[in-house]
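Text of protein.txt (compact mmCIF, C-alpha atoms) as supplied:
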# COMPACT_ATOMS: atom_id res chain seq x y z
CA MET R 1 -54.37 -40.88 85.86
CA ARG R 2 -55.08 -42.78 82.75
CA SER R 3 -58.13 -40.73 81.72
CA ASN R 4 -56.21 -37.48 82.14
CA THR R 5 -53.76 -38.33 79.39
CA TRP R 6 -56.35 -39.98 77.15
CA ILE R 7 -58.58 -36.92 76.81
CA PRO R 8 -55.95 -34.59 75.29
CA MET R 9 -54.95 -37.35 72.83
CA MET R 10 -58.54 -37.73 71.64
CA ALA R 11 -58.86 -33.99 71.30
CA GLY R 12 -55.72 -33.87 69.20
CA LEU R 13 -56.99 -36.63 66.92
CA LEU R 14 -60.35 -34.87 66.44
CA ALA R 15 -58.53 -31.63 65.63
CA LEU R 16 -56.49 -33.46 63.00
CA LEU R 17 -59.59 -35.03 61.41
CA ALA R 18 -61.39 -31.69 61.32
CA GLY R 19 -58.31 -29.77 60.26
CA GLY R 20 -59.32 -29.17 56.60
CA ALA R 21 -57.03 -28.92 53.56
CA ASP R 22 -53.86 -27.92 55.38
CA ALA R 23 -53.81 -30.97 57.59
CA ALA R 24 -55.21 -33.46 55.03
CA PRO R 25 -52.83 -35.93 53.40
CA PRO R 26 -52.06 -35.27 49.69
CA GLY R 27 -54.88 -36.47 47.43
CA GLU R 28 -54.82 -39.28 44.94
CA ILE R 29 -56.72 -38.78 41.69
CA HIS R 30 -57.59 -41.59 39.31
CA VAL R 31 -57.66 -41.41 35.51
CA SER R 32 -58.92 -44.30 33.42
CA ILE R 33 -57.45 -45.20 30.04
CA SER R 34 -60.24 -46.78 28.06
CA GLN R 35 -61.20 -46.98 24.39
CA PHE R 36 -57.96 -45.14 23.52
CA THR R 37 -59.02 -42.14 25.62
CA PHE R 38 -57.84 -40.66 28.92
CA ARG R 39 -60.95 -40.24 31.08
CA PRO R 40 -61.45 -37.55 32.18
CA PRO R 41 -59.31 -35.69 29.61
CA VAL R 42 -58.64 -32.85 32.08
CA VAL R 43 -58.11 -33.27 35.82
CA SER R 44 -57.62 -30.41 38.27
CA ILE R 45 -55.56 -31.22 41.35
CA ALA R 46 -53.72 -29.49 44.16
CA ALA R 47 -49.94 -29.25 44.28
CA GLY R 48 -48.60 -32.36 45.95
CA ASP R 49 -51.42 -34.59 44.70
CA THR R 50 -50.69 -37.84 42.92
CA VAL R 51 -52.47 -38.95 39.74
CA THR R 52 -52.83 -42.67 39.20
CA TRP R 53 -53.72 -43.95 35.77
CA VAL R 54 -55.15 -47.42 35.21
CA ASN R 55 -55.19 -49.04 31.80
CA ASP R 56 -58.73 -50.34 31.28
CA ASP R 57 -58.02 -51.26 27.64
CA ALA R 58 -56.77 -54.64 26.46
CA GLU R 59 -54.06 -52.87 24.42
CA GLU R 60 -50.89 -51.34 25.88
CA HIS R 61 -50.75 -47.61 26.51
CA THR R 62 -48.28 -45.22 28.08
CA VAL R 63 -48.58 -42.08 30.17
CA THR R 64 -45.86 -39.79 28.82
CA ALA R 65 -45.27 -36.10 29.54
CA THR R 66 -45.31 -34.03 26.37
CA ASP R 67 -42.00 -32.52 27.51
CA ARG R 68 -40.73 -36.08 28.18
CA SER R 69 -40.06 -35.25 31.87
CA TYR R 70 -41.64 -38.58 32.88
CA THR R 71 -43.08 -41.66 31.20
CA SER R 72 -44.62 -44.91 32.24
CA SER R 73 -43.54 -48.12 30.62
CA ALA R 74 -46.01 -49.77 28.23
CA LEU R 75 -48.90 -50.52 30.57
CA ASP R 76 -50.62 -53.84 30.04
CA ALA R 77 -54.31 -54.29 30.77
CA ALA R 78 -55.14 -53.33 34.39
CA GLU R 79 -51.63 -52.02 35.08
CA THR R 80 -51.30 -48.66 36.81
CA PHE R 81 -48.86 -45.77 36.82
CA SER R 82 -48.65 -42.92 39.31
CA HIS R 83 -47.01 -39.51 39.17
CA ARG R 84 -46.95 -36.79 41.86
CA PHE R 85 -47.27 -33.19 40.72
CA THR R 86 -45.52 -30.80 43.10
CA ALA R 87 -45.68 -27.42 41.35
CA PRO R 88 -48.70 -25.47 40.04
CA GLY R 89 -49.05 -25.40 36.27
CA THR R 90 -50.76 -26.97 33.27
CA TYR R 91 -49.19 -30.25 32.24
CA GLN R 92 -49.89 -31.96 28.92
CA TYR R 93 -49.34 -35.69 28.53
CA PHE R 94 -50.10 -38.29 25.89
CA CYS R 95 -49.76 -41.95 25.00
CA ALA R 96 -46.38 -42.40 23.31
CA LEU R 97 -47.77 -45.38 21.38
CA HIS R 98 -50.96 -43.63 20.25
CA PRO R 99 -50.11 -39.92 20.04
CA HIS R 100 -53.65 -38.90 19.21
CA MET R 101 -54.44 -39.76 22.85
CA ALA R 102 -53.60 -36.49 24.62
CA ALA R 103 -54.84 -35.06 27.93
CA THR R 104 -54.07 -32.50 30.63
CA VAL R 105 -53.36 -32.24 34.34
CA VAL R 106 -54.00 -28.78 35.88
CA VAL R 107 -52.20 -28.27 39.19
CA LYS R 108 -53.48 -25.37 41.35
CA MET Q 109 -58.85 -40.49 -1.48
CA LEU Q 110 -57.18 -42.86 0.91
CA ASN Q 111 -57.08 -45.92 -1.20
CA GLU Q 112 -55.66 -44.95 -4.53
CA LEU Q 113 -56.13 -48.45 -5.88
CA ALA Q 114 -59.35 -47.08 -7.29
CA ARG Q 115 -57.29 -45.35 -9.97
CA VAL Q 116 -56.12 -48.64 -11.37
CA ASP Q 117 -58.30 -49.95 -14.13
CA ARG Q 118 -60.96 -51.97 -12.40
CA ARG Q 119 -60.92 -54.95 -14.72
CA ARG Q 120 -57.17 -55.30 -14.42
CA PHE Q 121 -57.40 -54.95 -10.64
CA MET Q 122 -60.01 -57.68 -10.42
CA GLN Q 123 -57.83 -59.94 -12.57
CA CYS Q 124 -55.04 -59.48 -10.07
CA LEU Q 125 -57.30 -60.20 -7.14
CA ALA Q 126 -58.44 -63.36 -8.82
CA TRP Q 127 -54.88 -64.40 -9.43
CA ALA Q 128 -54.09 -65.89 -6.08
CA GLY Q 129 -51.23 -67.78 -4.53
CA THR Q 130 -48.04 -66.29 -5.90
CA GLY Q 131 -48.10 -62.60 -5.10
CA LEU Q 132 -49.46 -59.33 -6.34
CA VAL Q 133 -47.02 -56.90 -7.90
CA TRP Q 134 -47.51 -53.17 -7.79
CA ALA Q 135 -45.05 -51.36 -9.99
CA ALA Q 136 -44.49 -47.64 -10.25
CA ARG Q 137 -42.87 -46.06 -13.26
CA GLY Q 138 -43.07 -42.40 -14.10
CA GLY Q 139 -45.77 -41.98 -11.51
CA VAL Q 140 -48.11 -44.59 -12.94
CA LEU Q 141 -49.00 -47.41 -10.62
CA SER Q 142 -49.72 -50.61 -12.43
CA SER Q 143 -50.11 -54.23 -11.56
CA THR Q 144 -48.36 -57.10 -13.25
CA ILE Q 145 -47.62 -60.73 -12.55
CA LEU Q 146 -44.68 -61.83 -10.49
CA GLY Q 147 -42.99 -63.93 -13.18
CA GLU Q 148 -42.51 -61.01 -15.59
CA ALA Q 149 -41.18 -58.70 -12.93
CA SER Q 150 -38.75 -61.04 -11.19
CA ALA Q 151 -37.26 -62.35 -14.43
CA ALA Q 152 -36.16 -58.86 -15.39
CA ALA Q 153 -35.04 -57.66 -11.95
CA ASP Q 154 -31.47 -56.46 -11.49
CA PHE Q 155 -31.71 -56.91 -7.77
CA THR Q 156 -34.33 -57.41 -5.13
CA PHE Q 157 -34.65 -56.57 -1.48
CA ALA Q 158 -37.27 -57.39 1.14
CA GLN Q 159 -39.15 -55.35 3.70
CA ILE Q 160 -40.10 -56.74 7.09
CA SER Q 161 -42.02 -54.56 9.52
CA ASP Q 162 -43.67 -54.33 12.91
CA THR Q 163 -42.31 -57.57 14.33
CA HIS Q 164 -43.47 -56.37 17.79
CA VAL Q 165 -41.41 -58.94 19.67
CA GLY Q 166 -43.04 -59.41 23.06
CA PHE Q 167 -46.61 -58.95 21.80
CA ALA Q 168 -48.94 -61.30 23.64
CA GLY Q 169 -52.41 -59.95 22.90
CA ASN Q 170 -55.51 -61.76 21.71
CA ALA Q 171 -54.96 -60.67 18.11
CA ASN Q 172 -52.17 -63.23 17.72
CA PRO Q 173 -51.54 -65.95 20.29
CA ASP Q 174 -48.30 -66.93 18.53
CA ALA Q 175 -46.47 -63.81 17.29
CA ALA Q 176 -43.15 -65.64 17.67
CA GLY Q 177 -44.45 -68.33 15.31
CA THR Q 178 -45.64 -65.90 12.65
CA LEU Q 179 -42.28 -64.10 12.83
CA ALA Q 180 -40.50 -67.41 12.29
CA ASP Q 181 -42.79 -68.15 9.34
CA SER Q 182 -42.10 -64.69 7.90
CA ILE Q 183 -38.37 -65.41 8.05
CA THR Q 184 -38.96 -68.74 6.33
CA GLY Q 185 -40.91 -66.79 3.70
CA ILE Q 186 -38.02 -64.37 3.13
CA ASN Q 187 -35.59 -67.27 2.80
CA ALA Q 188 -37.83 -68.80 0.13
CA LEU Q 189 -37.79 -65.67 -2.07
CA THR Q 190 -36.16 -65.91 -5.47
CA PRO Q 191 -33.92 -64.28 -6.27
CA ARG Q 192 -32.43 -63.99 -2.80
CA PRO Q 193 -32.89 -60.41 -1.49
CA ALA Q 194 -29.67 -58.40 -1.50
CA PHE Q 195 -30.64 -56.93 1.86
CA ILE Q 196 -33.60 -56.44 4.18
CA LEU Q 197 -35.23 -53.24 5.40
CA HIS Q 198 -36.89 -53.43 8.82
CA THR Q 199 -39.30 -50.51 9.03
CA GLY Q 200 -39.67 -50.32 12.78
CA ASP Q 201 -41.49 -51.54 15.86
CA LEU Q 202 -38.91 -54.26 16.25
CA THR Q 203 -40.19 -54.69 19.80
CA HIS Q 204 -43.56 -54.39 21.50
CA GLY Q 205 -43.14 -51.51 23.92
CA GLN Q 206 -39.43 -52.20 24.55
CA LYS Q 207 -40.29 -55.28 26.60
CA ALA Q 208 -37.29 -56.68 28.45
CA GLY Q 209 -35.16 -58.90 26.23
CA ALA Q 210 -37.18 -58.17 23.07
CA PHE Q 211 -34.31 -56.61 21.08
CA ASP Q 212 -32.14 -59.65 21.87
CA THR Q 213 -34.88 -62.10 20.93
CA LEU Q 214 -35.38 -60.37 17.57
CA ALA Q 215 -31.66 -60.23 16.84
CA GLU Q 216 -31.43 -63.96 17.54
CA SER Q 217 -34.43 -64.70 15.28
CA LEU Q 218 -33.13 -62.60 12.40
CA LYS Q 219 -29.81 -64.47 12.36
CA ALA Q 220 -31.70 -67.07 10.35
CA VAL Q 221 -32.39 -64.61 7.49
CA ARG Q 222 -30.30 -65.42 4.44
CA THR Q 223 -29.18 -61.98 3.25
CA GLU Q 224 -26.12 -59.75 3.34
CA ARG Q 225 -27.41 -57.13 5.71
CA ILE Q 226 -30.47 -55.79 7.53
CA PHE Q 227 -31.05 -52.02 7.73
CA TYR Q 228 -33.32 -50.67 10.44
CA VAL Q 229 -35.38 -47.62 11.31
CA PRO Q 230 -37.09 -47.52 14.71
CA GLY Q 231 -40.77 -47.41 15.52
CA GLU Q 232 -42.26 -45.60 18.51
CA HIS Q 233 -42.38 -48.91 20.40
CA ASP Q 234 -38.57 -49.10 20.18
CA VAL Q 235 -37.68 -45.66 21.52
CA PHE Q 236 -40.39 -44.15 23.75
CA LEU Q 237 -39.03 -45.49 27.01
CA ASP Q 238 -35.40 -44.37 26.76
CA GLY Q 239 -35.36 -41.89 23.90
CA GLY Q 240 -33.83 -44.50 21.59
CA LYS Q 241 -30.71 -45.23 23.65
CA ASP Q 242 -30.93 -49.02 23.50
CA TYR Q 243 -32.04 -49.02 19.86
CA LEU Q 244 -29.18 -46.74 18.77
CA ALA Q 245 -26.61 -48.77 20.71
CA ARG Q 246 -27.68 -51.76 18.61
CA HIS Q 247 -28.51 -50.25 15.24
CA GLY Q 248 -27.05 -46.74 15.25
CA ARG Q 249 -23.66 -47.55 13.73
CA GLY Q 250 -23.12 -45.73 10.45
CA THR Q 251 -26.21 -43.57 10.93
CA PHE Q 252 -26.61 -39.87 11.67
CA GLY Q 253 -28.40 -38.00 14.47
CA GLY Q 254 -31.23 -40.12 15.79
CA GLY Q 255 -30.51 -43.04 13.45
CA TRP Q 256 -31.28 -41.66 10.00
CA GLN Q 257 -29.10 -42.92 7.17
CA SER Q 258 -28.59 -43.29 3.45
CA PHE Q 259 -26.74 -45.67 1.14
CA ASP Q 260 -26.52 -46.55 -2.52
CA TYR Q 261 -27.12 -49.96 -4.01
CA GLY Q 262 -27.26 -50.94 -7.66
CA GLY Q 263 -27.83 -47.37 -8.82
CA VAL Q 264 -30.66 -46.73 -6.36
CA HIS Q 265 -30.32 -44.25 -3.49
CA PHE Q 266 -31.85 -45.50 -0.22
CA VAL Q 267 -32.78 -43.15 2.61
CA GLY Q 268 -33.88 -44.30 6.08
CA LEU Q 269 -35.84 -41.65 7.97
CA VAL Q 270 -36.70 -41.67 11.70
CA ASN Q 271 -40.07 -40.11 12.54
CA VAL Q 272 -40.68 -41.49 16.02
CA LEU Q 273 -38.10 -39.78 18.25
CA THR Q 274 -40.00 -36.52 18.54
CA TYR Q 275 -43.48 -37.97 18.47
CA LYS Q 276 -45.89 -35.10 18.78
CA ALA Q 277 -48.77 -35.31 21.26
CA GLY Q 278 -52.08 -35.00 19.47
CA VAL Q 279 -50.42 -35.30 16.03
CA GLY Q 280 -48.21 -38.29 15.27
CA GLY Q 281 -44.75 -38.79 13.82
CA ALA Q 282 -42.26 -35.99 13.21
CA LEU Q 283 -38.88 -35.73 11.49
CA GLY Q 284 -37.52 -32.54 13.09
CA LEU Q 285 -35.44 -29.73 11.66
CA GLU Q 286 -32.05 -31.44 12.10
CA GLN Q 287 -33.12 -34.47 10.08
CA LEU Q 288 -34.86 -32.40 7.41
CA GLU Q 289 -31.67 -30.36 6.94
CA TRP Q 290 -29.64 -33.58 6.70
CA LEU Q 291 -32.11 -34.89 4.10
CA ARG Q 292 -31.87 -31.67 2.09
CA GLN Q 293 -28.08 -32.04 1.91
CA ASP Q 294 -28.22 -35.77 1.27
CA LEU Q 295 -30.54 -35.35 -1.72
CA ALA Q 296 -28.80 -32.23 -3.08
CA ALA Q 297 -25.98 -34.29 -4.58
CA ARG Q 298 -28.32 -36.68 -6.45
CA GLY Q 299 -29.50 -36.22 -9.99
CA ALA Q 300 -33.23 -36.20 -10.67
CA SER Q 301 -32.92 -39.46 -12.62
CA THR Q 302 -31.60 -41.37 -9.59
CA PRO Q 303 -34.29 -43.74 -8.31
CA ILE Q 304 -34.95 -43.01 -4.63
CA VAL Q 305 -36.27 -45.44 -2.01
CA VAL Q 306 -37.25 -43.93 1.33
CA PHE Q 307 -37.95 -46.26 4.24
CA THR Q 308 -39.49 -45.08 7.49
CA HIS Q 309 -41.92 -46.21 10.18
CA VAL Q 310 -44.92 -43.90 10.36
CA PRO Q 311 -46.51 -42.92 7.01
CA LEU Q 312 -44.90 -39.70 5.74
CA TRP Q 313 -48.20 -38.48 4.37
CA ALA Q 314 -51.44 -37.76 6.24
CA LEU Q 315 -52.80 -41.28 5.87
CA TYR Q 316 -55.20 -41.04 8.82
CA PRO Q 317 -54.40 -38.19 11.24
CA ALA Q 318 -57.32 -39.03 13.56
CA TRP Q 319 -55.31 -42.09 14.63
CA GLY Q 320 -51.94 -40.35 14.47
CA TRP Q 321 -51.10 -42.12 11.19
CA THR Q 322 -49.24 -39.13 9.83
CA THR Q 323 -45.91 -37.31 10.05
CA ALA Q 324 -46.33 -33.70 11.19
CA ASP Q 325 -43.55 -32.35 8.95
CA GLY Q 326 -43.64 -35.18 6.40
CA GLU Q 327 -44.81 -32.82 3.68
CA GLU Q 328 -41.45 -31.01 3.85
CA ALA Q 329 -39.63 -34.25 3.11
CA ILE Q 330 -42.09 -35.11 0.34
CA GLY Q 331 -41.47 -31.66 -1.16
CA MET Q 332 -37.75 -32.43 -1.41
CA LEU Q 333 -38.51 -35.70 -3.21
CA ARG Q 334 -40.79 -34.24 -5.91
CA ARG Q 335 -38.03 -33.38 -8.38
CA PHE Q 336 -36.97 -37.03 -8.70
CA GLY Q 337 -38.40 -39.16 -11.47
CA SER Q 338 -38.89 -42.31 -9.39
CA VAL Q 339 -39.51 -42.29 -5.65
CA THR Q 340 -40.75 -45.25 -3.62
CA VAL Q 341 -41.64 -44.66 0.03
CA LEU Q 342 -41.95 -47.78 2.21
CA ASN Q 343 -43.40 -47.57 5.69
CA GLY Q 344 -44.84 -49.77 8.43
CA HIS Q 345 -46.83 -48.75 11.52
CA ILE Q 346 -50.35 -49.39 10.22
CA HIS Q 347 -50.04 -53.18 9.81
CA GLN Q 348 -51.77 -53.40 6.43
CA VAL Q 349 -51.00 -52.94 2.76
CA LEU Q 350 -52.04 -49.56 1.41
CA GLN Q 351 -50.78 -47.77 -1.68
CA LYS Q 352 -50.99 -44.15 -2.69
CA ILE Q 353 -49.49 -42.43 -5.66
CA GLU Q 354 -48.67 -38.76 -5.90
CA GLY Q 355 -46.88 -37.60 -9.04
CA HIS Q 356 -43.71 -39.68 -9.29
CA ILE Q 357 -43.89 -40.77 -5.64
CA THR Q 358 -45.45 -44.08 -4.65
CA PHE Q 359 -46.21 -44.82 -0.99
CA HIS Q 360 -46.50 -48.41 0.24
CA SER Q 361 -47.57 -49.32 3.78
CA ALA Q 362 -46.58 -52.85 4.83
CA ARG Q 363 -48.08 -55.73 6.73
CA SER Q 364 -46.83 -56.62 10.20
CA THR Q 365 -45.54 -60.07 11.10
CA ALA Q 366 -47.28 -59.87 14.50
CA PHE Q 367 -50.88 -58.62 14.28
CA PRO Q 368 -53.21 -56.78 11.88
CA GLN Q 369 -54.80 -53.39 12.45
CA PRO Q 370 -58.14 -52.14 11.09
CA ALA Q 371 -58.50 -50.09 7.93
CA PRO Q 372 -58.41 -46.35 8.69
CA GLY Q 373 -61.60 -45.39 10.50
CA ALA Q 374 -63.17 -48.83 10.08
CA THR Q 375 -63.46 -49.24 13.85
CA ALA Q 376 -63.56 -46.91 16.85
CA THR Q 377 -59.90 -47.44 17.75
CA PRO Q 378 -56.72 -48.48 15.89
CA GLY Q 379 -55.90 -51.33 18.28
CA PRO Q 380 -54.75 -54.80 17.27
CA MET Q 381 -57.51 -56.39 15.22
CA THR Q 382 -58.68 -59.83 16.27
CA VAL Q 383 -59.88 -61.85 13.30
CA GLU Q 384 -60.93 -65.45 12.81
CA ALA Q 385 -58.06 -67.89 13.16
CA GLY Q 386 -58.08 -68.82 9.48
CA GLU Q 387 -57.94 -65.19 8.43
CA LEU Q 388 -54.96 -64.05 10.52
CA ARG Q 389 -52.15 -65.35 8.32
CA ARG Q 390 -53.63 -63.66 5.25
CA LEU Q 391 -53.13 -60.33 7.02
CA LEU Q 392 -49.50 -60.89 8.12
CA GLY Q 393 -46.41 -61.16 5.97
CA VAL Q 394 -43.51 -59.49 4.24
CA ARG Q 395 -42.83 -57.56 1.03
CA GLN Q 396 -40.36 -58.15 -1.77
CA VAL Q 397 -39.23 -55.24 -3.94
CA LEU Q 398 -37.77 -55.81 -7.40
CA TYR Q 399 -35.68 -53.24 -9.24
CA THR Q 400 -35.16 -53.20 -12.97
CA GLN Q 401 -32.44 -50.79 -14.05
CA SER Q 402 -33.33 -50.64 -17.73
CA SER Q 403 -36.78 -49.32 -16.95
CA ALA Q 404 -35.88 -47.60 -13.62
CA ARG Q 405 -38.81 -49.57 -12.32
CA LEU Q 406 -39.51 -50.69 -8.77
CA ALA Q 407 -42.16 -53.30 -8.14
CA ALA Q 408 -43.58 -54.23 -4.74
CA VAL Q 409 -44.63 -57.84 -4.30
CA GLU Q 410 -46.76 -58.68 -1.29
CA HIS Q 411 -46.15 -62.04 0.38
CA PRO Q 412 -48.79 -62.77 3.02
CA LEU Q 413 -48.17 -65.84 5.19
CA ALA Q 414 -51.25 -67.51 3.71
As C-alpha cells, how would this structure be written, given the file I've shared?
Amino acid sequence: MRSNTWIPMMAGLLALLAGGADAAPPGEIHVSISQFTFRPPVVSIAAGDTVTWVNDDAEEHTVTATDRSYTSSALDAAETFSHRFTAPGTYQYFCALHPHMAATVVVK
Amino acid sequence: MLNELARVDRRRFMQCLAWAGTGLVWAARGGVLSSTILGEASAAADFTFAQISDTHVGFAGNANPDAAGTLADSITGINALTPRPAFILHTGDLTHGQKAGAFDTLAESLKAVRTERIFYVPGEHDVFLDGGKDYLARHGRGTFGGGWQSFDYGGVHFVGLVNVLTYKAGVGGALGLEQLEWLRQDLAARGASTPIVVFTHVPLWALYPAWGWTTADGEEAIGMLRRFGSVTVLNGHIHQVLQKIEGHITFHSARSTAFPQPAPGATATPGPMTVEAGELRRLLGVRQVLYTQSSARLAAVEHPLA
C-alpha cells in the first residue's frame, strides 16, 4: 500500500532533521571585510566548516594564510572567497595587500 | 618625527613652496638635506635617472577613473626630462593585484620610455598571488634570490631590495635572512666614500607601522648602510612624497602614477584617496634624480603631473 511505504520515509526524514551535529551538513561561516578589518577578527568553527569572506570595502583585499597555504585573488568590492577547514587548529590569515589586517580562524 | 621637512629652515622651505611650476629639488650631502632650484642642480649633474612607482596597472577605483591616462602622461613627463635619464627605476606595484594581462599592458606602455634600461623591484601587488613567479619570469634576469640586485653606474652603487616576498602578517614588509646576507656581502667590497642608492618598494624604516608602512628587518639593512658617506633610499608603496634624513642616509618616498594615498594616520584607513578632480594630477607623478660627482651629491626632483 502506498501509505505503508510513505510512513517509514517520513520517519527517516524527521530523524535526519532532528539528528543533531553528527547528521547536520558542514556549516558555513561568514566574515566581513570592512574598513580594512576582518569582522569578526576571530571565528570559531568545527572541522569541515567553510568560511566565506565578503569584501564590503570599495578597495581590494585578499584572504591569505600566514603560512601561504591558500590565498584568494585580489577581491573587488562585494566579491567573496571561501575556504574549508578540515583539521582542528588555530589558523592565522591576513590581507596580503594590507598586512596590518590580520585575523584568526579557530577550528575545534 | 615623521616629516623631517621641519628641519629645513622654514623661510627657505616656504620660498621653495612658492616657487611653483618647474620642480622642487631636495639634495642630500653629508647628511644635510637642503633645497635648491632645478636649474643649478641639473646644469652640474653628471648623470640623471628617473623613478617611476606604483603604476598599479588594472586599477579601476574611484580615486582615479583614468589610471591608464595618468600613466601615459607620466611617461610623457619622463620623456620631457632634460637631460635624458640614463635609466629608470620602477619601485614596485607594477600591477594592481596581478590582474590578468596587467604585466603585459605595462610592458607595452613602457616601451615608449626613452631610456637605456628600466630596473624593477616588485611590490606586494605583483607577487602575492603566485609568490613572484610571473614577476621573476619577466624581470628576474640578472638578479639574485627573489629578485634583489645591484649594479654600478657613473661611480654610484645601486642596490635593489625586495621586501614584499615574505610579507609579515600584522607587520609589513620584510627582507629575510638570505637577502640581508647577500646585502652584507654586496656592500662589503665598497668603500665608505662610494655613493649608494637603494631602491625598494615598502619604506625600509618604520614610516607608519599601524598601516604596515614599515619593513620588519629594515633596520638591519639600514645598519649596514650607516658607514657610507652618502646613501639615498628611494621607495614607493605610500603614494606620496615624504623625506626623512638620518645621519648620512636620506629616505625619499615617491608618488604613484595611479592614485594618491592619505598622509600617515590622516584618515581611518590607508586606502586610495579620492580628491577633487583638479587636485588629482598634483598628487601623481614621477621623480628625477641628479648626481653630481664632484660634490658626491644626489638631488631628488619631484615632477607632479600638474
Interatomic distance, CA of Leu413 (chain Q) to CA of Ala366 (chain Q) (Å, one decimal):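 Result for CA of Leu413 (chain Q) versus CA of Ala366 (chain Q): 11.1 Å, one decimal.
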Computed interatomic separation between CA of Leu269 (chain Q) and CA of Gln287 (chain Q) (Å):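 Separation of CA of Leu269 (chain Q) and CA of Gln287 (chain Q): 8.0 Å.
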At most 10 Å to chain Q: residues in chain R, only C-alpha atoms, as an MDAnalysis selection string: chainID R and resid 35:37 57:62 64:68 70:77 92:103
CA of Ala152 (chain Q) to CA of Ser402 (chain Q), distance in Å rounded to a single decimal: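 These atoms are spaced 9.0 Å apart.
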Listed atoms of region 362-369 of chain Q, axis-aligned box, 3 Å per side: centre and edge lengths to one decimal in Å, as AutoDock Vina command-line options?
--center_x -50.2 --center_y -56.5 --center_z 9.7 --size_x 15.3 --size_y 13.2 --size_z 15.7
Residues within 6 Å of Ala158 (chain Q), only C-alpha atoms, excluding chain neighbours under 3 positions, as a ChimeraX atom specification: /Q:193,196,395-397
Residue among Q:Thr323, Q:Thr365, Q:Thr382, Q:Thr302 lying closest to Leu179 (chain Q), counting all atoms listed in the file: Q:Thr365
Among the residues R:Val107, R:Ser34, R:Arg39, R:Pro26, the one that comes closest to Ala78 (chain R) [using all atoms listed in the file]: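 Among R:Val107, R:Ser34, R:Arg39, R:Pro26, it is R:Ser34 that comes nearest to Ala78 (chain R).
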Sphere at (-38.1, -32.6, -14.6), radius 9 Å, counting all atoms listed in the file: residues as a PyMOL selection string: chain Q and resi 300-301+335-337
Counting only C-alpha atoms, the residue of Q:Val306, Q:Ile353, Q:Leu315, Q:Leu218 that sits nearest Val341 (chain Q):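 Comparing Q:Val306, Q:Ile353, Q:Leu315, Q:Leu218 against Val341 (chain Q), the winner is Q:Val306.
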Shell of 7 Å around Ile29 (chain R), all atoms listed in the file, local chain residues under 6 positions omitted, as a list in words: Thr50, Val51 and Thr52 of chain R
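Nearest to Asp49 (chain R) of all the residues R:Val106, R:Glu28, R:Ala87, R:Ser69 is R:Glu28, counting only C-alpha atoms.
Of the residues listed (Q:Leu342, Q:Leu273, Q:Met332, Q:Val221), Q:Leu273 shows the shortest atom-to-atom separation from Lys241 (chain Q); distances use all atoms listed in the file.
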Neighbours of point (-41.6, -38.8, -4.9) within 6 Å, using all atoms listed in the file, written as an NGL selection string: :Q and (333-334 or 339 or 356-357)
Shell around Val42 (chain R) at 6 Å using all atoms listed in the file, local window under 2 positions removed, as a PyMOL selection string: chain R and resi 40+104-105
